[in-house]
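S.K.: Next comes structure15.cif, mmCIF, C-alpha atoms and all ligand atoms:
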```
data_protein
loop_
_atom_site.label_atom_id
_atom_site.label_comp_id
_atom_site.auth_asym_id
_atom_site.auth_seq_id
_atom_site.Cartn_x
_atom_site.Cartn_y
_atom_site.Cartn_z
CA MET A 1 35.18 -79.72 181.29
CA ARG A 2 38.20 -81.27 182.99
CA ASP A 3 39.89 -79.24 185.76
CA GLU A 4 43.41 -78.25 184.71
CA PRO A 5 45.91 -79.43 187.35
CA ARG A 6 47.46 -76.51 189.21
CA VAL A 7 51.04 -75.68 188.36
CA LEU A 8 53.55 -73.19 189.68
CA PRO A 9 53.23 -69.56 188.51
CA ARG A 10 55.43 -68.35 185.66
CA ASN A 11 57.36 -66.00 187.91
CA PHE A 12 58.31 -68.88 190.26
CA ARG A 13 61.98 -68.52 189.35
CA LYS A 14 61.96 -64.85 190.36
CA LEU A 15 60.45 -65.39 193.83
CA THR A 16 62.62 -65.43 196.91
CA ALA A 17 63.56 -68.85 198.19
CA GLU A 18 61.05 -68.54 201.04
CA GLN A 19 58.29 -67.47 198.67
CA ARG A 20 59.10 -70.37 196.37
CA LEU A 21 58.76 -72.83 199.23
CA GLN A 22 55.42 -71.38 200.27
CA THR A 23 54.13 -71.39 196.69
CA LEU A 24 55.24 -74.99 196.26
CA ARG A 25 53.49 -75.94 199.51
CA ASP A 26 50.24 -74.26 198.49
CA THR A 27 50.24 -75.61 194.93
CA TYR A 28 51.02 -79.21 195.83
CA ASP A 29 49.47 -79.37 199.28
CA LEU A 30 52.76 -80.31 200.94
CA SER A 31 52.78 -80.93 204.68
CA ALA A 32 55.10 -79.02 206.98
CA GLU A 33 57.21 -82.16 207.30
CA GLU A 34 57.49 -82.62 203.54
CA LEU A 35 58.42 -78.99 203.14
CA GLN A 36 61.01 -79.31 205.85
CA MET A 37 62.55 -82.32 204.09
CA LEU A 38 62.58 -80.52 200.77
CA GLY A 39 63.52 -77.16 202.12
CA TYR A 40 66.51 -78.16 204.17
CA ARG A 41 66.35 -74.57 205.31
CA GLY A 42 69.92 -74.01 206.50
CA ASN A 43 71.27 -74.49 203.00
CA LEU A 44 68.73 -72.63 200.90
CA ASP A 45 71.26 -69.91 200.08
CA LEU A 46 73.71 -72.49 198.90
CA SER A 47 71.12 -74.31 196.83
CA GLU A 48 70.17 -70.94 195.28
CA ILE A 49 73.64 -70.39 193.89
CA MET A 50 73.90 -73.96 192.66
CA THR A 51 70.60 -74.28 190.79
CA GLU A 52 67.85 -72.12 189.38
CA SER A 53 64.40 -72.05 191.03
CA ALA A 54 65.91 -73.68 194.10
CA VAL A 55 63.69 -75.06 196.85
CA GLY A 56 66.36 -76.87 198.87
CA PHE A 57 68.53 -79.92 198.83
CA LEU A 58 67.83 -83.57 198.26
CA ALA A 59 70.31 -85.30 200.52
CA LEU A 60 71.71 -88.60 199.26
CA PRO A 61 73.10 -91.07 201.77
CA MET A 62 76.89 -90.88 201.81
CA GLY A 63 79.01 -93.76 203.03
CA ILE A 64 82.68 -94.63 203.00
CA ALA A 65 84.19 -97.48 201.02
CA ALA A 66 87.07 -97.96 203.42
CA GLY A 67 90.51 -99.25 202.52
CA ILE A 68 90.53 -99.06 198.71
CA PRO A 69 94.08 -99.88 197.57
CA VAL A 70 95.33 -97.40 194.98
CA ASP A 71 98.98 -98.06 194.12
CA GLU A 72 100.95 -97.82 197.34
CA LEU A 73 98.20 -96.10 199.35
CA LEU A 74 94.90 -97.01 200.97
CA TYR A 75 92.00 -94.60 200.49
CA ASP A 76 88.75 -94.28 202.40
CA VAL A 77 86.47 -93.30 199.54
CA PRO A 78 83.22 -91.35 200.13
CA LEU A 79 80.40 -92.61 197.91
CA ALA A 80 77.00 -90.89 197.71
CA VAL A 81 74.44 -93.38 196.48
CA GLU A 82 70.93 -94.66 197.20
CA GLU A 83 71.66 -98.35 196.38
CA PRO A 84 72.53 -100.25 199.57
CA SER A 85 74.86 -102.84 198.04
CA VAL A 86 77.27 -100.45 196.31
CA ILE A 87 79.61 -99.75 199.21
CA ALA A 88 79.40 -103.34 200.40
CA ALA A 89 80.54 -104.55 196.95
CA ALA A 90 83.35 -102.00 196.60
CA THR A 91 84.79 -102.78 200.02
CA TYR A 92 84.44 -106.54 199.51
CA GLY A 93 86.27 -106.35 196.16
CA ALA A 94 88.92 -104.06 197.62
CA ARG A 95 89.52 -106.37 200.59
CA ILE A 96 90.20 -109.37 198.35
CA LEU A 97 92.42 -107.38 195.99
CA ARG A 98 94.31 -105.72 198.86
CA GLY A 99 95.44 -109.15 199.98
CA ALA A 100 96.29 -110.17 196.41
CA GLY A 101 98.83 -107.57 195.31
CA GLY A 102 96.63 -104.48 195.27
CA ILE A 103 95.37 -102.29 192.43
CA HIS A 104 97.68 -100.27 190.17
CA THR A 105 96.37 -97.20 188.41
CA TRP A 106 97.28 -94.61 185.78
CA ALA A 107 95.83 -91.46 184.28
CA SER A 108 96.61 -89.49 181.15
CA GLU A 109 97.00 -85.71 181.16
CA PRO A 110 93.56 -84.07 181.60
CA VAL A 111 93.09 -83.02 177.98
CA MET A 112 89.57 -82.17 176.83
CA THR A 113 88.26 -81.07 173.45
CA THR A 114 86.09 -78.12 172.53
CA GLN A 115 84.36 -77.76 169.17
CA VAL A 116 83.15 -75.15 166.70
CA TYR A 117 80.98 -76.25 163.77
CA LEU A 118 80.86 -73.97 160.69
CA SER A 119 78.35 -74.17 157.83
CA ASP A 120 78.38 -72.48 154.42
CA CYS A 121 82.16 -72.69 154.15
CA PRO A 122 83.57 -71.99 150.68
CA GLU A 123 86.03 -74.44 149.14
CA GLY A 124 89.51 -74.30 150.65
CA SER A 125 88.37 -73.21 154.10
CA VAL A 126 89.67 -76.35 155.79
CA GLU A 127 93.17 -75.64 154.47
CA LYS A 128 92.91 -71.95 155.41
CA LEU A 129 91.91 -72.83 158.98
CA ARG A 130 94.68 -75.42 159.30
CA ALA A 131 97.25 -72.87 158.10
CA ALA A 132 96.05 -70.28 160.64
CA GLU A 133 96.75 -72.32 163.78
CA SER A 134 99.10 -69.77 165.38
CA GLN A 135 96.60 -66.96 164.76
CA ILE A 136 93.82 -69.03 166.34
CA VAL A 137 96.03 -69.88 169.32
CA ALA A 138 96.78 -66.16 169.81
CA GLU A 139 93.06 -65.39 169.64
CA ILE A 140 92.13 -67.84 172.42
CA SER A 141 95.19 -67.19 174.59
CA PRO A 142 93.53 -64.52 176.82
CA VAL A 143 90.88 -67.07 177.86
CA LEU A 144 93.54 -69.70 178.52
CA ALA A 145 96.12 -67.48 180.23
CA ALA A 146 95.26 -68.45 183.82
CA MET A 147 95.08 -72.16 182.93
CA GLN A 148 98.43 -71.86 181.19
CA ARG A 149 99.94 -70.43 184.37
CA ARG A 150 98.72 -73.56 186.16
CA GLY A 151 100.50 -75.78 183.65
CA GLY A 152 97.55 -76.41 181.33
CA GLY A 153 96.31 -74.65 178.21
CA TYR A 154 96.36 -75.20 174.45
CA ARG A 155 97.42 -78.68 173.29
CA GLY A 156 96.45 -78.91 169.61
CA MET A 157 93.90 -78.32 166.90
CA ASP A 158 92.14 -80.44 164.30
CA VAL A 159 90.05 -79.26 161.34
CA GLU A 160 87.86 -81.65 159.33
CA LEU A 161 85.17 -81.35 156.69
CA LEU A 162 82.11 -83.46 157.58
CA GLN A 163 81.42 -84.36 153.95
CA ASP A 164 77.82 -85.51 154.26
CA LEU A 165 76.75 -82.31 156.01
CA ALA A 166 79.09 -79.89 154.22
CA VAL A 167 80.03 -78.67 157.70
CA VAL A 168 83.55 -77.86 158.91
CA ARG A 169 84.43 -79.01 162.41
CA VAL A 170 87.21 -77.28 164.34
CA GLN A 171 88.38 -79.09 167.47
CA ILE A 172 90.69 -77.49 170.00
CA ASP A 173 92.38 -79.62 172.68
CA ILE A 174 92.99 -78.03 176.07
CA ASP A 175 94.69 -79.36 179.16
CA VAL A 176 92.34 -78.32 181.97
CA ARG A 177 94.53 -79.52 184.88
CA ASP A 178 92.43 -79.85 188.05
CA ALA A 179 89.16 -78.60 186.58
CA MET A 180 86.41 -80.59 184.92
CA GLY A 181 86.81 -77.80 182.39
CA ALA A 182 83.36 -77.19 180.89
CA ASN A 183 83.32 -73.42 181.42
CA LEU A 184 86.83 -72.93 180.11
CA LEU A 185 86.20 -75.13 177.07
CA ASN A 186 82.96 -73.38 176.21
CA SER A 187 84.50 -69.91 176.66
CA THR A 188 87.44 -70.88 174.46
CA ALA A 189 85.20 -72.14 171.67
CA GLU A 190 83.07 -68.99 171.78
CA GLN A 191 86.14 -66.77 171.83
CA ALA A 192 87.42 -68.47 168.67
CA VAL A 193 84.16 -68.15 166.70
CA PRO A 194 84.55 -64.68 165.09
CA LEU A 195 88.07 -65.42 163.87
CA LEU A 196 87.09 -68.89 162.61
CA GLU A 197 84.16 -67.38 160.73
CA SER A 198 86.31 -64.70 159.11
CA LEU A 199 89.14 -67.11 158.25
CA SER A 200 86.79 -69.70 156.73
CA GLY A 201 84.10 -67.46 155.29
CA GLY A 202 81.60 -69.81 156.98
CA ARG A 203 78.93 -69.35 159.65
CA LYS A 204 78.96 -70.75 163.18
CA VAL A 205 76.41 -73.51 163.80
CA PHE A 206 77.41 -73.83 167.44
CA ALA A 207 80.42 -73.79 169.74
CA ILE A 208 80.68 -76.05 172.81
CA LEU A 209 82.84 -78.64 174.51
CA SER A 210 82.65 -82.29 173.59
CA ASN A 211 81.85 -84.43 176.62
CA ALA A 212 83.46 -87.41 174.88
CA ALA A 213 86.90 -86.89 176.50
CA PRO A 214 88.67 -89.81 174.73
CA LYS A 215 92.03 -88.27 175.62
CA ARG A 216 91.33 -87.96 179.35
CA LEU A 217 91.71 -91.62 180.25
CA ALA A 218 92.29 -93.33 183.57
CA GLY A 219 92.81 -96.98 184.26
CA ALA A 220 93.34 -99.59 186.94
CA GLU A 221 94.52 -103.19 186.97
CA PHE A 222 95.35 -106.02 189.33
CA HIS A 223 97.23 -109.31 189.06
CA ALA A 224 95.77 -111.54 191.76
CA PRO A 225 97.42 -114.94 192.38
CA LEU A 226 94.71 -117.58 191.84
CA SER A 227 95.28 -119.05 195.31
CA ARG A 228 94.10 -115.71 196.84
CA LEU A 229 90.70 -115.89 195.16
CA ARG A 230 87.74 -117.25 197.06
CA ARG A 231 84.01 -116.66 196.92
CA GLY A 232 81.76 -119.07 198.80
CA LYS A 233 82.41 -122.57 197.50
CA LEU A 234 84.29 -121.32 194.42
CA VAL A 235 88.01 -121.10 195.06
CA GLY A 236 91.11 -120.35 192.97
CA ARG A 237 91.20 -121.30 189.28
CA PRO A 238 87.52 -122.36 188.90
CA LEU A 239 86.45 -118.95 190.29
CA ALA A 240 88.93 -117.12 188.03
CA GLU A 241 87.76 -119.08 184.96
CA ARG A 242 84.12 -118.21 185.63
CA ILE A 243 85.04 -114.52 186.07
CA VAL A 244 86.97 -114.59 182.77
CA LEU A 245 84.00 -116.18 181.02
CA ALA A 246 81.64 -113.60 182.55
CA SER A 247 83.88 -110.79 181.32
CA ARG A 248 84.11 -112.35 177.82
CA ILE A 249 80.32 -112.40 177.70
CA ALA A 250 80.28 -108.67 178.52
CA GLU A 251 82.90 -108.06 175.82
CA CYS A 252 80.78 -109.81 173.18
CA ASP A 253 77.17 -109.18 174.15
CA PRO A 254 76.01 -105.54 174.41
CA MET A 255 72.88 -106.59 176.37
CA ARG A 256 75.12 -107.88 179.14
CA ALA A 257 77.76 -105.14 178.73
CA VAL A 258 75.22 -102.49 179.74
CA THR A 259 74.60 -104.16 183.12
CA HIS A 260 78.29 -104.97 183.57
CA ASN A 261 79.21 -101.30 183.02
CA LYS A 262 76.31 -100.12 185.18
CA GLY A 263 77.92 -102.06 188.02
CA ILE A 264 81.26 -100.34 187.36
CA MET A 265 79.55 -96.94 187.35
CA ASN A 266 77.85 -97.78 190.67
CA GLY A 267 81.15 -96.89 192.30
CA ILE A 268 82.44 -94.27 189.89
CA SER A 269 79.23 -92.21 189.64
CA SER A 270 78.77 -92.38 193.42
CA LEU A 271 82.25 -90.96 193.87
CA ALA A 272 81.35 -88.24 191.36
CA SER A 273 78.21 -87.39 193.36
CA ALA A 274 80.14 -87.37 196.64
CA THR A 275 82.73 -84.96 195.25
CA GLY A 276 80.26 -82.63 193.49
CA ASN A 277 81.28 -83.72 189.99
CA ASP A 278 79.07 -83.76 186.90
CA THR A 279 77.73 -87.32 186.80
CA ARG A 280 75.97 -86.85 183.43
CA GLY A 281 79.10 -85.64 181.64
CA LEU A 282 81.16 -88.41 183.20
CA GLU A 283 78.65 -91.11 182.25
CA ALA A 284 78.17 -89.78 178.69
CA ALA A 285 81.94 -90.00 178.14
CA VAL A 286 82.22 -93.47 179.65
CA HIS A 287 79.38 -95.01 177.66
CA ALA A 288 80.57 -93.41 174.40
CA TYR A 289 83.99 -94.91 175.09
CA ALA A 290 82.41 -98.32 175.73
CA ALA A 291 80.90 -98.09 172.22
CA ARG A 292 84.02 -96.75 170.48
CA THR A 293 84.46 -99.82 168.26
CA GLY A 294 80.91 -99.47 166.96
CA SER A 295 79.53 -102.10 169.32
CA TYR A 296 78.83 -101.39 173.00
CA ALA A 297 81.19 -103.50 175.13
CA SER A 298 82.52 -103.88 178.66
CA LEU A 299 84.96 -101.38 180.17
CA THR A 300 86.85 -104.14 181.96
CA SER A 301 88.57 -107.31 180.84
CA TYR A 302 89.82 -110.34 182.79
CA ARG A 303 92.36 -112.96 181.73
CA ILE A 304 94.33 -115.72 183.46
CA GLU A 305 98.05 -115.16 182.89
CA ALA A 306 101.35 -116.61 184.05
CA GLY A 307 102.41 -114.74 187.19
CA PRO A 308 105.95 -113.59 188.02
CA HIS A 309 106.38 -116.09 190.90
CA GLY A 310 105.37 -119.28 189.11
CA GLU A 311 101.70 -119.07 190.06
CA ASP A 312 99.04 -118.05 187.53
CA VAL A 313 97.24 -114.80 188.24
CA LEU A 314 93.88 -113.31 187.37
CA HIS A 315 94.59 -110.07 185.52
CA GLY A 316 91.70 -107.58 185.74
CA ARG A 317 91.85 -104.29 183.88
CA LEU A 318 89.65 -101.22 183.51
CA GLU A 319 90.16 -98.20 181.27
CA ALA A 320 87.75 -95.31 180.66
CA PRO A 321 87.63 -91.56 180.23
CA LEU A 322 87.09 -90.43 183.82
CA VAL A 323 86.30 -86.73 183.85
CA PHE A 324 86.74 -85.63 187.46
CA GLY A 325 87.53 -82.11 188.61
CA VAL A 326 88.62 -80.96 192.05
CA VAL A 327 88.20 -77.21 191.50
CA GLY A 328 85.43 -75.13 189.95
CA GLY A 329 81.77 -76.01 189.45
CA ALA A 330 79.95 -77.50 192.43
CA VAL A 331 83.18 -79.02 193.75
CA GLY A 332 84.42 -75.78 195.25
CA ILE A 333 81.07 -74.70 196.65
CA HIS A 334 79.32 -77.72 198.09
CA PRO A 335 80.54 -78.22 201.69
CA GLY A 336 79.82 -81.96 201.53
CA ALA A 337 81.94 -82.28 198.38
CA ARG A 338 84.74 -80.32 200.03
CA ALA A 339 84.63 -82.60 203.07
CA ALA A 340 84.66 -85.65 200.80
CA LEU A 341 87.79 -84.36 199.05
CA LYS A 342 89.41 -83.82 202.44
CA VAL A 343 88.71 -87.46 203.35
CA LEU A 344 90.42 -88.36 200.06
CA ARG A 345 93.45 -86.30 201.19
CA LYS A 346 92.72 -83.53 198.67
CA PRO A 347 93.79 -85.27 195.48
CA GLY A 348 94.42 -83.52 192.16
CA ALA A 349 92.04 -84.30 189.30
CA MET A 350 94.30 -87.00 187.85
CA GLN A 351 94.67 -88.72 191.21
CA LEU A 352 90.91 -88.58 191.77
CA ALA A 353 90.40 -90.22 188.36
CA ARG A 354 92.85 -92.96 189.40
CA ILE A 355 90.98 -93.52 192.67
CA ALA A 356 87.74 -93.72 190.65
CA ALA A 357 89.27 -96.30 188.31
CA ALA A 358 90.33 -98.43 191.30
CA VAL A 359 86.84 -98.20 192.83
CA GLY A 360 85.22 -99.14 189.50
CA LEU A 361 87.48 -102.17 189.09
CA ALA A 362 86.99 -103.37 192.69
CA GLN A 363 83.22 -102.92 192.28
CA ASN A 364 83.17 -104.90 189.03
CA PHE A 365 85.38 -107.67 190.41
CA ALA A 366 83.07 -108.03 193.43
CA ALA A 367 79.95 -108.12 191.23
CA LEU A 368 81.39 -110.78 188.90
CA ALA A 369 82.67 -112.90 191.80
CA ALA A 370 79.21 -112.81 193.39
CA LEU A 371 77.36 -113.40 190.11
CA VAL A 372 79.36 -116.49 189.14
CA SER A 373 79.08 -117.99 192.63
CA GLU A 374 76.00 -117.62 194.84
CA GLY A 375 74.46 -114.75 192.83
CA ILE A 376 73.86 -111.24 194.11
CA GLN A 377 70.30 -111.48 195.28
CA ALA A 378 70.97 -113.08 198.67
CA GLY A 379 73.19 -110.16 199.65
CA HIS A 380 70.84 -107.59 198.10
CA MET A 381 67.84 -108.97 199.97
CA ARG A 382 69.69 -108.88 203.29
CA LEU A 383 70.18 -105.15 202.66
CA HIS A 384 66.62 -104.73 201.36
CA ALA A 385 65.36 -106.24 204.62
CA THR A 386 66.68 -103.26 206.59
CA ARG A 387 64.70 -100.90 204.34
CA LEU A 388 61.53 -102.92 204.82
CA ALA A 389 62.08 -102.89 208.58
CA TYR A 390 62.44 -99.10 208.47
CA ILE A 391 59.32 -98.61 206.32
CA ALA A 392 57.39 -100.88 208.68
CA GLY A 393 58.26 -98.52 211.51
CA ALA A 394 61.36 -100.00 213.13
CA ARG A 395 63.85 -97.50 214.46
CA GLY A 396 67.23 -97.76 216.22
CA ASP A 397 68.39 -101.29 216.96
CA LEU A 398 64.96 -102.68 216.07
CA ILE A 399 65.87 -102.19 212.38
CA GLU A 400 68.62 -104.81 212.52
CA LYS A 401 66.53 -107.17 214.65
CA VAL A 402 63.59 -107.09 212.24
CA ALA A 403 65.90 -107.32 209.21
CA ALA A 404 67.65 -110.37 210.65
CA ARG A 405 64.31 -112.14 211.18
CA LEU A 406 63.14 -111.22 207.68
CA SER A 407 66.33 -112.66 206.19
CA LEU A 408 65.88 -115.85 208.20
CA GLY A 409 62.28 -116.22 207.08
CA GLY A 410 63.09 -115.36 203.46
CA VAL A 411 59.74 -113.55 202.92
CA TYR A 412 60.37 -109.91 202.16
CA ASN A 413 57.34 -107.66 202.44
CA ILE A 414 56.14 -104.86 204.66
CA GLU A 415 53.33 -106.86 206.29
CA THR A 416 55.80 -109.52 207.41
CA ALA A 417 58.21 -106.85 208.62
CA ALA A 418 55.41 -105.10 210.55
CA SER A 419 54.27 -108.34 212.15
CA MET A 420 57.84 -109.20 213.17
CA LEU A 421 58.25 -105.71 214.57
CA ARG A 422 55.11 -106.19 216.67
CA ASP A 423 56.44 -109.52 217.93
CA ILE A 424 59.82 -108.07 218.83
CA SER A 425 58.72 -104.80 220.38
CA GLY A 426 55.46 -106.06 221.82
CA GLU A 427 53.69 -102.96 220.55
CA GLN A 428 52.20 -101.50 217.38
CA PRO A 429 54.67 -100.01 214.91
CA THR A 430 54.80 -96.24 215.01
CA GLY A 431 56.62 -95.63 211.75
CA THR A 432 55.62 -94.21 208.43
CA ALA A 433 54.59 -97.29 206.48
CA ASP A 434 53.10 -96.14 203.21
CA PRO A 435 49.89 -98.10 202.60
CA SER A 436 50.23 -97.82 198.81
CA GLU A 437 53.69 -99.35 198.97
CA SER A 438 52.40 -102.01 201.27
CA ALA A 439 49.64 -102.80 198.80
CA GLN A 440 52.17 -103.29 196.03
CA LYS A 441 53.60 -106.27 197.92
CA THR A 442 57.32 -106.05 197.64
CA GLU A 443 57.59 -109.79 198.15
CA VAL A 444 60.15 -111.43 195.84
C1 LIG B 501 73.77 -103.89 190.43
O1 LIG B 501 73.61 -102.55 190.79
C2 LIG B 501 75.03 -104.08 189.63
C3 LIG B 501 75.20 -105.46 189.01
O2 LIG B 501 74.04 -105.80 188.25
C4 LIG B 501 76.41 -105.41 188.11
C5 LIG B 501 76.63 -106.63 187.27
O3 LIG B 501 75.64 -107.35 186.94
O4 LIG B 501 77.79 -106.84 186.88
C6 LIG B 501 75.36 -106.54 190.07
#
```
Would it be possible to restate this file's structure as structure tokens?

M.R.:
Amino acid sequence: MRDEPRVLPRNFRKLTAEQRLQTLRDTYDLSAEELQMLGYRGNLDLSEIMTESAVGFLALPMGIAAGIPVDELLYDVPLAVEEPSVIAAATYGARILRGAGGIHTWASEPVMTTQVYLSDCPEGSVEKLRAAESQIVAEISPVLAAMQRRGGGYRGMDVELLQDLAVVRVQIDIDVRDAMGANLLNSTAEQAVPLLESLSGGRKVFAILSNAAPKRLAGAEFHAPLSRLRRGKLVGRPLAERIVLASRIAECDPMRAVTHNKGIMNGISSLASATGNDTRGLEAAVHAYAARTGSYASLTSYRIEAGPHGEDVLHGRLEAPLVFGVVGGAVGIHPGARAALKVLRKPGAMQLARIAAAVGLAQNFAALAALVSEGIQAGHMRLHATRLAYIAGARGDLIEKVAARLSLGGVYNIETAASMLRDISGEQPTGTADPSESAQKTEV
């Protein structure tokens, strides 16, 4: 008979944080060092109130994309992300656009939608529900009172019969101001359920927010004179024309649009992570928006247009539902997120969405400029080289020295990094090279 692998006990969730760590160590044979990394002891209390069955924090590297132009201001934008090229691309794109008229942004009011679905509704229930709007608004007003005092609250209602399912859908729009809004939206929907059931004669299927957020849009655009555009050997109009063609491909071909939008979200999701926002909700909304015509397409578009001063410009534009909150949820609790918001000069939710739009556009512009010129891999491999140097055991300034030699040689694997490290330091590497990784040969 096969031995069943050991798993954590059923009461794991109910153990104290310390007991959970010990149980995890014993079950999975974790070393003290691994436990230390996982445990991140100082913040166990915090992790306990942020997630169930907490055992610590997984720290993501956080960097700053410095000097992102957003309307008349420059922002130093904290991005938490594991991919080394993300900040490099955002700052490169921002630098070019800063010198070419900057990035202009906008955001709609932060209106989100919550939903109640009702089954078994007798005929005429849609009309009854529509006619009872003021009664429904009065019913949900206690839940919305505090938000209303902050300038938000009820913004409208929509009732539809989903014919194929014989289900009635009630949607309530709420301006959530500086919050992401999930708790408020869910509470509002649940508060409305008994009244909606009695008005319609139907039965609740479920009541919850929609993450789609098609009314909570933010956007960014730039008009860069062609003479300000340069990437390697491609300069001016030829570069702009290749970028336009690349963006047209992403508008027409969903296979490419996915990668194109992934690049945009490199910046936007990293900003969401850095500020403690819900990356899954944000991404669900963005990708649904990208598919709103029925075919998945790019979130940005680029065109060459006549400029105001006689010179043609490259016009780049991004629009997407960008659901960012600056109060509530993890934002108010996580000290790293709070520090990140301070670096951003404590923006409101709409301003944060505008910053995110600018970052996404700069990121996308940089990716397209690199792709249509020398490609992205040269830059990526330069960054990858520093990781290989680290894995091979280099520390301190040896990391850069080994990485520089790897880039020169053009062979990227741990054995080569280790041998270069030996050459440079004149001694055996002392790092934590993982033999299994080494065996995989990361050469490309
Ligand atoms: C890599 O993380 C992002 C890119 O693939 C985006 C793109 O292809 O547009 C470079």

S.K.: Name all residues at most 12 Å from A:Gly281 (count all atoms listed in the file; drop same-chain ones fewer than 2 positions away) and give them as a list in words.

M.R.: Met180, Gly181, Ala182, Leu209, Ser210, Asn211, Ala212, Ala213, Ser269, Ala272, Ser273, Asn277, Asp278, Thr279, Glu283, Ala284, Ala285, Val286, His287, Ala288, Pro321, Leu322, Val323, Phe324 and Gly325 of chain A

S.K.: Please produce a file of the residues just selected, as a PDB file, in the frame of the given file, where the atoms kept are C-alpha atoms.

M.R.:
```
ATOM      1  CA  MET A 180      86.410 -80.590 184.920  1.00  0.00           C
ATOM      2  CA  GLY A 181      86.810 -77.800 182.390  1.00  0.00           C
ATOM      3  CA  ALA A 182      83.360 -77.190 180.890  1.00  0.00           C
ATOM      4  CA  LEU A 209      82.840 -78.640 174.510  1.00  0.00           C
ATOM      5  CA  SER A 210      82.650 -82.290 173.590  1.00  0.00           C
ATOM      6  CA  ASN A 211      81.850 -84.430 176.620  1.00  0.00           C
ATOM      7  CA  ALA A 212      83.460 -87.410 174.880  1.00  0.00           C
ATOM      8  CA  ALA A 213      86.900 -86.890 176.500  1.00  0.00           C
ATOM      9  CA  SER A 269      79.230 -92.210 189.640  1.00  0.00           C
ATOM     10  CA  ALA A 272      81.350 -88.240 191.360  1.00  0.00           C
ATOM     11  CA  SER A 273      78.210 -87.390 193.360  1.00  0.00           C
ATOM     12  CA  ASN A 277      81.280 -83.720 189.990  1.00  0.00           C
ATOM     13  CA  ASP A 278      79.070 -83.760 186.900  1.00  0.00           C
ATOM     14  CA  THR A 279      77.730 -87.320 186.800  1.00  0.00           C
ATOM     15  CA  GLU A 283      78.650 -91.110 182.250  1.00  0.00           C
ATOM     16  CA  ALA A 284      78.170 -89.780 178.690  1.00  0.00           C
ATOM     17  CA  ALA A 285      81.940 -90.000 178.140  1.00  0.00           C
ATOM     18  CA  VAL A 286      82.220 -93.470 179.650  1.00  0.00           C
ATOM     19  CA  HIS A 287      79.380 -95.010 177.660  1.00  0.00           C
ATOM     20  CA  ALA A 288      80.570 -93.410 174.400  1.00  0.00           C
ATOM     21  CA  PRO A 321      87.630 -91.560 180.230  1.00  0.00           C
ATOM     22  CA  LEU A 322      87.090 -90.430 183.820  1.00  0.00           C
ATOM     23  CA  VAL A 323      86.300 -86.730 183.850  1.00  0.00           C
ATOM     24  CA  PHE A 324      86.740 -85.630 187.460  1.00  0.00           C
ATOM     25  CA  GLY A 325      87.530 -82.110 188.610  1.00  0.00           C
TER      26      GLY A 325
END
```

S.K.: Enclose all atoms of stretch 364-367 of chain A listed in the file in an axis-aligned box, grow every side by 3 Å, and hand back centre and edge lengths in Å to one decimal, as lines of an AutoDock Vina configuration file.

M.R.:
```
center_x = 82.7
center_y = -106.5
center_z = 191.2
size_x = 11.4
size_y = 9.2
size_z = 10.4
```

S.K.: Do you have the atom CA of A:Pro78-atom CA of A:Ala179 distance handy?

M.R.: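 That distance, rounded to one decimal, is 19.5 Å.
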
S.K.: Set the cut-off to 12 Å, count only C-alpha atoms and all ligand atoms, and list whatever residues fall near ligand LIG 501 (chain B) as a count of residues only.

M.R.: 52

S.K.: Which residue is closest to A:Gly396? Choose from A:Gln191, A:Ser425, A:Thr91, A:Thr416 and count only C-alpha atoms.

M.R.: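 Of the candidates, the smallest distance to A:Gly396 is held by A:Ser425.
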
S.K.: To one decimal place, how far is atom CA of A:Leu314 from atom CA of A:Ile64 in Å?

M.R.: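 Interatomic distance here is 26.8 Å.
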
S.K.: Taking into account only C-alpha atoms, which residue in the set A:Tyr390, A:Val116, A:Leu46, A:Glu160 is nearest to A:Glu190?

M.R.: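 Under the stated criterion, the closest residue is A:Val116.
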
S.K.: Can you pull out the residues contacting A:Ser119? Cut-off 8 Å, using all atoms listed in the file, and skip same-chain residues under 3 positions away; I want them as a ChimeraX atom specification.

M.R.: /A:166-168,202-205

S.K.: Go ahead and save the picked residues with C-alpha atoms, as a short mmCIF file (atom, residue, chain, number, x, y, z; two decimals), in the frame of the given file.

M.R.:
```
data_model
loop_
_atom_site.label_atom_id
_atom_site.label_comp_id
_atom_site.auth_asym_id
_atom_site.auth_seq_id
_atom_site.Cartn_x
_atom_site.Cartn_y
_atom_site.Cartn_z
CA ALA A 166 79.09 -79.89 154.22
CA VAL A 167 80.03 -78.67 157.70
CA VAL A 168 83.55 -77.86 158.91
CA GLY A 202 81.60 -69.81 156.98
CA ARG A 203 78.93 -69.35 159.65
CA LYS A 204 78.96 -70.75 163.18
CA VAL A 205 76.41 -73.51 163.80
#
```

S.K.: Considering only C-alpha atoms, can you say which of A:Pro142, A:Gly219, A:Gly336, A:Pro110 comes closest to A:Val70?

M.R.: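 Counting only C-alpha atoms, the residue closest to A:Val70 is A:Gly219.
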
S.K.: Return the single residue from A:Asp164, A:Glu305, A:Leu38, A:Ala54 that is closest to A:Gln19, with distances computed using only C-alpha atoms.

M.R.: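 Of A:Asp164, A:Glu305, A:Leu38, A:Ala54, the one nearest A:Gln19, counting only C-alpha atoms, is A:Ala54.
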
S.K.: Kindly give the distance, in Å, that separates atom CA of A:Arg10 and atom CA of A:Glu33, rounded to a single decimal.

M.R.: 25.7 Å

S.K.: Identify, on the basis of all atoms listed in the file, every residue whose closest approach to A:Thr188 does not exceed 9 Å; exclude the query and any residue fewer than 5 positions from it along the same chain; express the result as a list of chain:residue names.

M.R.: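 Counting all atoms listed in the file, the residues come to A:Thr114, A:Ile140, A:Ser141, A:Val143, A:Leu144, A:Ile172, A:Asn183, A:Val193, A:Ala207, A:Ile208.
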